[in-house]
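Text of query-v7.cif, listed as mmCIF, C-alpha atoms and all ligand atoms; chains and numbers go by the auth columns:
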data_input
loop_
_atom_site.group_PDB
_atom_site.id
_atom_site.type_symbol
_atom_site.label_atom_id
_atom_site.label_comp_id
_atom_site.label_asym_id
_atom_site.label_seq_id
_atom_site.Cartn_x
_atom_site.Cartn_y
_atom_site.Cartn_z
_atom_site.B_iso_or_equiv
_atom_site.auth_seq_id
_atom_site.auth_asym_id
ATOM 1 C CA MET A 1 130.583 84.800 104.087 0.00 1 Q
ATOM 2 C CA ASP A 2 128.493 87.902 104.750 0.00 2 Q
ATOM 3 C CA ALA A 3 129.664 91.030 106.501 0.00 3 Q
ATOM 4 C CA PRO A 4 128.940 91.358 110.225 0.00 4 Q
ATOM 5 C CA GLN A 5 125.577 92.890 110.960 0.00 5 Q
ATOM 6 C CA ARG A 6 126.097 96.404 112.248 0.00 6 Q
ATOM 7 C CA GLN A 7 122.475 97.498 112.565 0.00 7 Q
ATOM 8 C CA ILE A 8 119.321 95.805 113.837 0.00 8 Q
ATOM 9 C CA PRO A 9 117.181 95.265 110.705 0.00 9 Q
ATOM 10 C CA ALA A 10 114.138 97.516 110.233 0.00 10 Q
ATOM 11 C CA GLU A 11 111.583 94.719 110.605 0.00 11 Q
ATOM 12 C CA ARG A 12 113.061 93.756 113.956 0.00 12 Q
ATOM 13 C CA GLN A 13 112.913 97.376 115.091 0.00 13 Q
ATOM 14 C CA VAL A 14 109.215 97.431 114.136 0.00 14 Q
ATOM 15 C CA VAL A 15 108.616 94.288 116.217 0.00 15 Q
ATOM 16 C CA TYR A 16 110.549 95.857 119.099 0.00 16 Q
ATOM 17 C CA TYR A 17 108.528 99.082 119.155 0.00 17 Q
ATOM 18 C CA ALA A 18 105.243 97.235 118.584 0.00 18 Q
ATOM 19 C CA GLY A 19 106.104 95.147 121.637 0.00 19 Q
ATOM 20 C CA MET A 20 106.801 98.295 123.621 0.00 20 Q
ATOM 21 C CA ALA A 21 103.402 99.717 122.575 0.00 21 Q
ATOM 22 C CA LEU A 22 101.689 96.461 123.586 0.00 22 Q
ATOM 23 C CA ILE A 23 103.309 96.668 127.030 0.00 23 Q
ATOM 24 C CA ALA A 24 102.054 100.242 127.431 0.00 24 Q
ATOM 25 C CA ILE A 25 98.517 99.302 126.336 0.00 25 Q
ATOM 26 C CA GLY A 26 98.571 96.237 128.584 0.00 26 Q
ATOM 27 C CA LEU A 27 99.662 98.279 131.593 0.00 27 Q
ATOM 28 C CA LEU A 28 96.984 100.913 130.931 0.00 28 Q
ATOM 29 C CA LEU A 29 94.356 98.192 130.600 0.00 29 Q
ATOM 30 C CA PHE A 30 95.524 96.590 133.814 0.00 30 Q
ATOM 31 C CA LEU A 31 95.576 99.897 135.714 0.00 31 Q
ATOM 32 C CA SER A 32 92.172 100.942 134.325 0.00 32 Q
ATOM 33 C CA THR A 33 90.545 98.159 136.331 0.00 33 Q
ATOM 34 C CA PHE A 34 91.675 99.863 139.534 0.00 34 Q
ATOM 35 C CA VAL A 35 90.326 103.197 138.324 0.00 35 Q
ATOM 36 C CA THR A 36 86.965 101.552 137.585 0.00 36 Q
ATOM 37 C CA PHE A 37 87.030 99.878 140.965 0.00 37 Q
ATOM 38 C CA LEU A 38 87.724 103.143 142.814 0.00 38 Q
ATOM 39 C CA ALA A 39 85.221 105.136 140.763 0.00 39 Q
ATOM 40 C CA ASN A 40 82.466 102.696 141.647 0.00 40 Q
ATOM 41 C CA PHE A 41 83.504 102.135 145.240 0.00 41 Q
ATOM 42 C CA GLY A 42 80.427 101.528 147.395 0.00 42 Q
ATOM 43 C CA ASN A 43 78.170 101.308 144.346 0.00 43 Q
ATOM 44 C CA PHE A 44 76.747 97.812 144.210 0.00 44 Q
ATOM 45 C CA ASP A 45 74.525 98.224 141.141 0.00 45 Q
ATOM 46 C CA GLY A 46 75.786 95.854 138.490 0.00 46 Q
ATOM 47 C CA HIS A 47 78.607 94.860 140.791 0.00 47 Q
ATOM 48 C CA GLU A 48 78.859 91.377 139.368 0.00 48 Q
ATOM 49 C CA ALA A 49 79.144 92.522 135.754 0.00 49 Q
ATOM 50 C CA ARG A 50 81.796 95.110 136.628 0.00 50 Q
ATOM 51 C CA MET A 51 83.845 92.556 138.492 0.00 51 Q
ATOM 52 C CA GLN A 52 83.748 90.294 135.473 0.00 52 Q
ATOM 53 C CA SER A 53 84.744 92.965 132.983 0.00 53 Q
ATOM 54 C CA GLY A 54 87.429 94.152 135.400 0.00 54 Q
ATOM 55 C CA ALA A 55 88.890 90.681 135.757 0.00 55 Q
ATOM 56 C CA LEU A 56 88.805 90.256 131.991 0.00 56 Q
ATOM 57 C CA ARG A 57 90.586 93.553 131.411 0.00 57 Q
ATOM 58 C CA ALA A 58 93.194 92.825 134.089 0.00 58 Q
ATOM 59 C CA PHE A 59 93.855 89.426 132.573 0.00 59 Q
ATOM 60 C CA GLY A 60 93.938 90.871 129.045 0.00 60 Q
ATOM 61 C CA GLY A 61 96.337 93.548 130.238 0.00 61 Q
ATOM 62 C CA ILE A 62 98.709 90.995 131.735 0.00 62 Q
ATOM 63 C CA VAL A 63 98.607 88.892 128.560 0.00 63 Q
ATOM 64 C CA LEU A 64 99.268 91.967 126.390 0.00 64 Q
ATOM 65 C CA THR A 65 102.220 92.969 128.589 0.00 65 Q
ATOM 66 C CA TRP A 66 103.573 89.451 128.378 0.00 66 Q
ATOM 67 C CA ILE A 67 103.238 89.298 124.571 0.00 67 Q
ATOM 68 C CA GLY A 68 104.747 92.789 124.322 0.00 68 Q
ATOM 69 C CA GLY A 69 107.745 91.751 126.399 0.00 69 Q
ATOM 70 C CA PHE A 70 108.198 88.706 124.213 0.00 70 Q
ATOM 71 C CA MET A 71 108.072 90.800 121.027 0.00 71 Q
ATOM 72 C CA ARG A 72 110.516 93.330 122.422 0.00 72 Q
ATOM 73 C CA ASN A 73 112.995 90.583 123.205 0.00 73 Q
ATOM 74 C CA LEU A 74 112.442 89.094 119.767 0.00 74 Q
ATOM 75 C CA GLY A 75 113.021 92.454 118.073 0.00 75 Q
ATOM 76 C CA ALA A 76 116.155 93.175 120.070 0.00 76 Q
ATOM 77 C CA LYS A 77 117.817 89.779 119.727 0.00 77 Q
ATOM 78 C CA GLY A 78 116.253 88.241 116.612 0.00 78 Q
ATOM 79 C CA LEU A 79 114.681 84.824 116.095 0.00 79 Q
ATOM 80 C CA ALA A 80 117.870 82.841 116.621 0.00 80 Q
ATOM 81 C CA GLY A 81 119.273 85.234 119.211 0.00 81 Q
ATOM 82 C CA SER A 82 116.284 84.873 121.533 0.00 82 Q
ATOM 83 C CA GLY A 83 116.455 81.105 121.279 0.00 83 Q
ATOM 84 C CA ILE A 84 113.377 80.484 119.108 0.00 84 Q
ATOM 85 C CA LEU A 85 115.465 79.124 116.260 0.00 85 Q
ATOM 86 C CA LEU A 86 118.180 76.824 117.506 0.00 86 Q
ATOM 87 C CA ASP A 87 121.006 78.171 115.375 0.00 87 Q
ATOM 88 C CA PRO A 88 123.930 79.302 117.527 0.00 88 Q
ATOM 89 C CA GLU A 89 125.879 80.763 114.605 0.00 89 Q
ATOM 90 C CA GLN A 90 122.928 82.862 113.383 0.00 90 Q
ATOM 91 C CA GLY A 91 122.083 83.636 117.007 0.00 91 Q
ATOM 92 C CA ARG A 92 125.482 85.127 117.587 0.00 92 Q
ATOM 93 C CA ARG A 93 125.020 87.368 114.536 0.00 93 Q
ATOM 94 C CA ASP A 94 121.469 88.304 115.568 0.00 94 Q
ATOM 95 C CA VAL A 95 122.464 89.316 119.072 0.00 95 Q
ATOM 96 C CA GLU A 96 125.651 91.092 117.992 0.00 96 Q
ATOM 97 C CA PRO A 97 124.217 94.633 117.551 0.00 97 Q
ATOM 98 C CA TRP A 98 122.302 94.285 120.803 0.00 98 Q
ATOM 99 C CA SER A 99 125.191 93.005 122.895 0.00 99 Q
ATOM 100 C CA ARG A 100 127.500 95.528 121.252 0.00 100 Q
ATOM 101 C CA MET A 101 125.139 98.209 122.530 0.00 101 Q
ATOM 102 C CA GLY A 102 125.452 96.738 126.027 0.00 102 Q
ATOM 103 C CA GLY A 103 129.227 96.650 125.693 0.00 103 Q
ATOM 104 C CA GLY A 104 129.210 100.220 124.396 0.00 104 Q
ATOM 105 C CA MET A 105 127.243 101.378 127.408 0.00 105 Q
ATOM 106 C CA VAL A 106 129.701 99.669 129.742 0.00 106 Q
ATOM 107 C CA GLN A 107 132.494 101.445 127.873 0.00 107 Q
ATOM 108 C CA ASP A 108 130.682 104.767 128.322 0.00 108 Q
ATOM 109 C CA ALA A 109 130.272 104.117 132.036 0.00 109 Q
ATOM 110 C CA LEU A 110 133.954 103.218 132.339 0.00 110 Q
ATOM 111 C CA SER A 111 135.120 106.336 130.492 0.00 111 Q
ATOM 112 C CA GLU A 112 132.938 108.346 132.849 0.00 112 Q
ATOM 113 C CA VAL A 113 134.687 106.746 135.817 0.00 113 Q
ATOM 114 C CA ASP A 114 137.984 107.576 134.134 0.00 114 Q
ATOM 115 C CA LEU A 115 136.896 111.200 133.728 0.00 115 Q
ATOM 116 C CA VAL A 116 135.902 111.456 137.386 0.00 116 Q
ATOM 117 C CA GLN A 117 139.282 110.055 138.345 0.00 117 Q
ATOM 118 C CA ARG A 118 141.086 112.562 136.139 0.00 118 Q
ATOM 119 C CA ILE A 119 139.137 115.433 137.709 0.00 119 Q
ATOM 120 C CA GLY A 120 140.073 114.047 141.104 0.00 120 Q
ATOM 121 C CA ASP A 121 143.730 113.901 140.065 0.00 121 Q
ATOM 122 C CA ARG A 122 143.658 117.501 138.890 0.00 122 Q
ATOM 123 C CA ARG A 123 142.268 118.646 142.213 0.00 123 Q
ATOM 124 C CA ASP A 124 145.012 116.789 144.055 0.00 124 Q
ATOM 125 C CA PRO A 125 148.212 117.126 142.009 0.00 125 Q
ATOM 126 C CA PRO A 126 151.070 114.722 142.787 0.00 126 Q
ATOM 127 C CA GLU A 127 153.891 116.122 144.934 0.00 127 Q
ATOM 128 C CA PRO A 128 156.846 117.379 142.868 0.00 128 Q
ATOM 129 C CA GLU A 129 159.852 115.079 142.979 0.00 129 Q
ATOM 130 C CA VAL A 130 162.811 116.459 144.876 0.00 130 Q
ATOM 131 C CA LYS A 131 166.200 115.721 143.349 0.00 131 Q
ATOM 132 C CA VAL A 132 169.477 115.795 145.193 0.00 132 Q
ATOM 133 C CA ARG A 133 172.713 116.658 143.412 0.00 133 Q
ATOM 134 C CA CYS A 134 175.658 114.391 144.124 0.00 134 Q
ATOM 135 C CA GLN A 135 178.563 116.248 145.793 0.00 135 Q
ATOM 136 C CA ALA A 136 181.149 114.150 143.910 0.00 136 Q
ATOM 137 C CA CYS A 137 179.883 113.976 140.299 0.00 137 Q
ATOM 138 C CA ARG A 138 177.004 116.507 140.177 0.00 138 Q
ATOM 139 C CA ALA A 139 174.536 113.831 138.956 0.00 139 Q
ATOM 140 C CA LEU A 140 170.867 114.188 140.045 0.00 140 Q
ATOM 141 C CA ASN A 141 169.530 111.524 142.407 0.00 141 Q
ATOM 142 C CA ASP A 142 166.157 110.974 144.127 0.00 142 Q
ATOM 143 C CA GLU A 143 165.996 112.448 147.602 0.00 143 Q
ATOM 144 C CA THR A 144 165.394 108.940 148.996 0.00 144 Q
ATOM 145 C CA ASP A 145 168.639 107.575 147.489 0.00 145 Q
ATOM 146 C CA ARG A 146 171.452 107.049 149.962 0.00 146 Q
ATOM 147 C CA PHE A 147 174.146 106.542 147.333 0.00 147 Q
ATOM 148 C CA CYS A 148 174.652 108.234 143.982 0.00 148 Q
ATOM 149 C CA GLY A 149 173.336 106.231 141.005 0.00 149 Q
ATOM 150 C CA GLN A 150 176.169 107.622 138.838 0.00 150 Q
ATOM 151 C CA CYS A 151 179.305 107.252 140.931 0.00 151 Q
ATOM 152 C CA GLY A 152 178.183 105.382 144.055 0.00 152 Q
ATOM 153 C CA ALA A 153 179.314 108.077 146.515 0.00 153 Q
ATOM 154 C CA ALA A 154 177.309 108.489 149.713 0.00 154 Q
ATOM 155 C CA ILE A 155 174.865 111.390 149.545 0.00 155 Q
HETATM 156 ZN ZN ZN B . 177.926 110.965 142.123 0.00 201 R
#

Take the structure I supplied and represent it as structure tokens, if you would.
Amino acid sequence: MDAPQRQIPAERQVVYYAGMALIAIGLLLFLSTFVTFLANFGNFDGHEARMQSGALRAFGGIVLTWIGGFMRNLGAKGLAGSGILLDPEQGRRDVEPWSRMGGGMVQDALSEVDLVQRIGDRRDPPEPEVKVRCQACRALNDETDRFCGQCGAAI
């Protein structure tokens, strides 16, 4: 039995970042069609050809973004983890570093909430408890007690 995977392997990180780059290129390609369209607004020379190249670039951009998203998911969760290989046991191991990151971030968020609460507590300190000494046995009782906890005498 091998040790639990603590880090996402280097080749998966490469796939992840390559996917991110593809998404960026795809988005730029997609957006560039609008720039071309605006730059040539009202210019009808070669309109047809521009429309075609624009449509091609927009489509190519969408496909690149889609492939990039797929690669990013693959890099983050691994072959089995993203459901490409049907191997639940390997999938669990593949996803482990990724889901642990998610869990870690939830933990961070929770500790932040805890910190905010502690700051709030400091600003509003609890009221000091008032103790009442029993007349009969001198034992200390809460101010809300009606009878002494030590000897039972009425306070
Ligand atoms: Zn008492």

Give the answer as one residue: which of Q:Gly78, Q:Gly69, Q:Gly91, Q:Gly152 has the shortest atom-to-atom distance to ligand ZN 201 (chain R), using all atoms listed in the file?
Q:Gly152

So which residues are near ligand ZN 201 (chain R), meaning at most 7 Å away with all atoms listed in the file counted, given back as an MDAnalysis selection string?
chainID Q and resid 134:139 148:153

Carefully work through the PyMOL selection byres (((chain Q and resi 32) around 12) and not hetatm) for this structure and note down the residues it includes, as a PDB file with C-alpha atoms, keeping the file's coordinate frame.
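Okay, result16.pdb is ready:
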ATOM      1  CA  ILE Q  25      98.517  99.302 126.336  1.00  0.00           C
ATOM      2  CA  GLY Q  26      98.571  96.237 128.584  1.00  0.00           C
ATOM      3  CA  LEU Q  27      99.662  98.279 131.593  1.00  0.00           C
ATOM      4  CA  LEU Q  28      96.984 100.913 130.931  1.00  0.00           C
ATOM      5  CA  LEU Q  29      94.356  98.192 130.600  1.00  0.00           C
ATOM      6  CA  PHE Q  30      95.524  96.590 133.814  1.00  0.00           C
ATOM      7  CA  LEU Q  31      95.576  99.897 135.714  1.00  0.00           C
ATOM      8  CA  THR Q  33      90.545  98.159 136.331  1.00  0.00           C
ATOM      9  CA  PHE Q  34      91.675  99.863 139.534  1.00  0.00           C
ATOM     10  CA  VAL Q  35      90.326 103.197 138.324  1.00  0.00           C
ATOM     11  CA  THR Q  36      86.965 101.552 137.585  1.00  0.00           C
ATOM     12  CA  PHE Q  37      87.030  99.878 140.965  1.00  0.00           C
ATOM     13  CA  LEU Q  38      87.724 103.143 142.814  1.00  0.00           C
ATOM     14  CA  ALA Q  39      85.221 105.136 140.763  1.00  0.00           C
ATOM     15  CA  SER Q  53      84.744  92.965 132.983  1.00  0.00           C
ATOM     16  CA  GLY Q  54      87.429  94.152 135.400  1.00  0.00           C
ATOM     17  CA  ALA Q  55      88.890  90.681 135.757  1.00  0.00           C
ATOM     18  CA  LEU Q  56      88.805  90.256 131.991  1.00  0.00           C
ATOM     19  CA  ARG Q  57      90.586  93.553 131.411  1.00  0.00           C
ATOM     20  CA  ALA Q  58      93.194  92.825 134.089  1.00  0.00           C
ATOM     21  CA  PHE Q  59      93.855  89.426 132.573  1.00  0.00           C
ATOM     22  CA  GLY Q  60      93.938  90.871 129.045  1.00  0.00           C
ATOM     23  CA  GLY Q  61      96.337  93.548 130.238  1.00  0.00           C
TER      24      GLY Q  61
END

So which residues touch region 99-104 of chain Q within 10 Å, counting only C-alpha atoms, skipping near sequence neighbours fewer than 6 positions away, as a list of chain:residue names?
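Final neighbour list, sorted by chain and number: Q:Arg6, Q:Ala76, Q:Lys77, Q:Arg92, Q:Leu110.
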
Length of the CA of Pro88 (chain Q) to CA of Arg12 (chain Q) vector [Å]
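Computing it gives 18.4 Å between the two atoms.
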
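One finds CA of Leu79 (chain Q) at 13.0 Å from CA of Trp98 (chain Q).
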
With all atoms listed in the file as the basis for distance, which of Q:Gly81, Q:Pro9, Q:Pro128, Q:Gly19 is at the shortest distance from Thr65 (chain Q)?
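Distance minimum relative to Thr65 (chain Q) lands on Q:Gly19.
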
Tell me, in Å to one decimal, how far CA of Val14 (chain Q) is from CA of Gln107 (chain Q).
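Separating CA of Val14 (chain Q) from CA of Gln107 (chain Q) is a distance of 27.3 Å.
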
Using the chain letters and numbers from this file, what does the PyMOL selection byres (((chain Q and resi 129) around 12) and not hetatm) select? Give the answer as a list in words.
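Evaluating the PyMOL selection byres (((chain Q and resi 129) around 12) and not hetatm) on this file yields Pro125, Pro126, Glu127, Pro128, Val130, Lys131, Val132, Leu140, Asn141, Asp142, Glu143 and Thr144 of chain Q.
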